[in-house]
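Structure file protein-v9.cif; described as mmCIF, C-alpha atoms.
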data_run
loop_
_atom_site.label_atom_id
_atom_site.label_comp_id
_atom_site.auth_asym_id
_atom_site.auth_seq_id
_atom_site.Cartn_x
_atom_site.Cartn_y
_atom_site.Cartn_z
CA MET A 1 49.90 202.52 -40.87
CA LYS A 2 50.15 198.76 -41.35
CA LYS A 3 47.61 196.76 -39.35
CA LYS A 4 48.74 193.92 -37.10
CA GLN A 5 47.06 190.73 -35.90
CA ILE A 6 46.51 189.60 -32.31
CA LEU A 7 45.43 186.15 -31.14
CA ILE A 8 44.47 185.76 -27.50
CA ARG A 9 44.18 182.27 -26.06
CA ASP A 10 42.88 180.98 -22.73
CA VAL A 11 40.40 183.80 -22.09
CA PRO A 12 38.59 183.16 -18.78
CA GLU A 13 34.98 182.11 -19.33
CA ALA A 14 33.53 185.00 -17.30
CA LEU A 15 35.47 187.54 -19.37
CA TYR A 16 34.49 185.82 -22.63
CA GLU A 17 30.82 185.93 -21.61
CA TRP A 18 31.12 189.62 -20.62
CA ILE A 19 32.57 190.44 -24.04
CA GLY A 20 29.75 188.57 -25.72
CA SER A 21 26.97 190.21 -23.73
CA GLU A 22 28.42 193.73 -24.03
CA ARG A 23 29.01 193.53 -27.77
CA TYR A 24 25.54 192.06 -28.30
CA ALA A 25 23.98 194.91 -26.31
CA LYS A 26 25.90 197.45 -28.40
CA ARG A 27 25.22 195.56 -31.66
CA GLU A 28 28.92 195.46 -32.52
CA SER A 29 31.14 192.76 -33.91
CA GLN A 30 33.67 191.21 -31.57
CA LYS A 31 36.42 193.02 -33.46
CA GLU A 32 34.72 196.44 -33.20
CA PHE A 33 33.96 195.99 -29.51
CA LEU A 34 37.44 194.79 -28.53
CA LEU A 35 39.17 197.53 -30.52
CA LYS A 36 37.07 200.15 -28.71
CA VAL A 37 37.86 198.57 -25.33
CA LEU A 38 41.59 198.53 -26.13
CA GLU A 39 41.51 202.12 -27.40
CA SER A 40 39.75 203.23 -24.23
CA ALA A 41 42.33 201.46 -22.08
CA ALA A 42 45.19 202.97 -24.09
CA SER A 43 43.76 206.47 -23.71
CA TYR A 44 44.29 206.16 -19.94
CA GLY A 45 47.92 205.20 -20.53
CA SER A 46 50.78 207.12 -22.03
CA GLY A 47 49.02 208.20 -25.20
CA THR A 48 45.87 208.08 -27.27
CA PRO A 49 45.93 205.82 -30.34
CA GLN A 50 44.64 207.07 -33.69
CA ARG A 51 41.02 205.93 -33.65
CA ASN A 52 40.32 206.01 -37.38
CA SER A 53 43.32 203.93 -38.38
CA ALA A 54 42.75 201.39 -35.63
CA ILE A 55 39.22 200.39 -36.64
CA GLY A 56 39.27 200.95 -40.35
CA GLY A 57 37.87 204.48 -40.40
CA VAL A 58 34.75 203.70 -38.37
#

Mind turning this structure into structure tokens?
Amino acid sequence: MKKKQILIRDVPEALYEWIGSERYAKRESQKEFLLKVLESAASYGSGTPQRNSAIGGV
């Protein structure tokens, strides 16, 4: 599966700080943390994404 890029602008400061503190506490990169958050959100939706392909086999 080909990987895609996402750029998110104008993130509210409180949300940006939450992301920073949560990923620091979990010792994860921003990419790793946000991919896990998005996968978790998607699992509550219509289907579960393929975890290994989404985060490079981690």

- Message: Starting from the PyMOL selection byres ((chain A and resi 6) around 12), expand the selection into actual residues of this file and give them as a list in words.
- Response: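 In the shown coordinates, the PyMOL selection byres ((chain A and resi 6) around 12) covers Lys3, Lys4, Gln5, Leu7, Ile8, Arg9, Lys31, Leu34, Leu35 and Leu38 of chain A.
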
- Task: Would you list the contacts of A:Glu22 as a PyMOL selection string, taking every protein, DNA or RNA residue within 12 Å and counting only C-alpha atoms, but skipping same-chain residues closer than 5 positions in sequence?
- Result: chain A and resi 15-17+27-30+32-34+36-37

Give the padded box for stretch 36-39 of chain A as JSON: axis-aligned, covering all atoms listed in the file, 3 Å on each side, centre and edge lengths in Å to one decimal.
{"center_x": 39.3, "center_y": 200.3, "center_z": -27.0, "size_x": 10.5, "size_y": 9.6, "size_z": 9.4}

- Enter the distance from atom CA of A:Ser40 to atom CA of A:Glu13, in Å, rounded to one decimal.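 Atom CA of A:Glu13 lies 22.2 Å from atom CA of A:Ser40.
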
- Query: Mind pulling up the distance from atom CA of A:Ser43 to atom CA of A:Ile19?
  - Reply: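 Distance reported for this atom pair: 19.6 Å.
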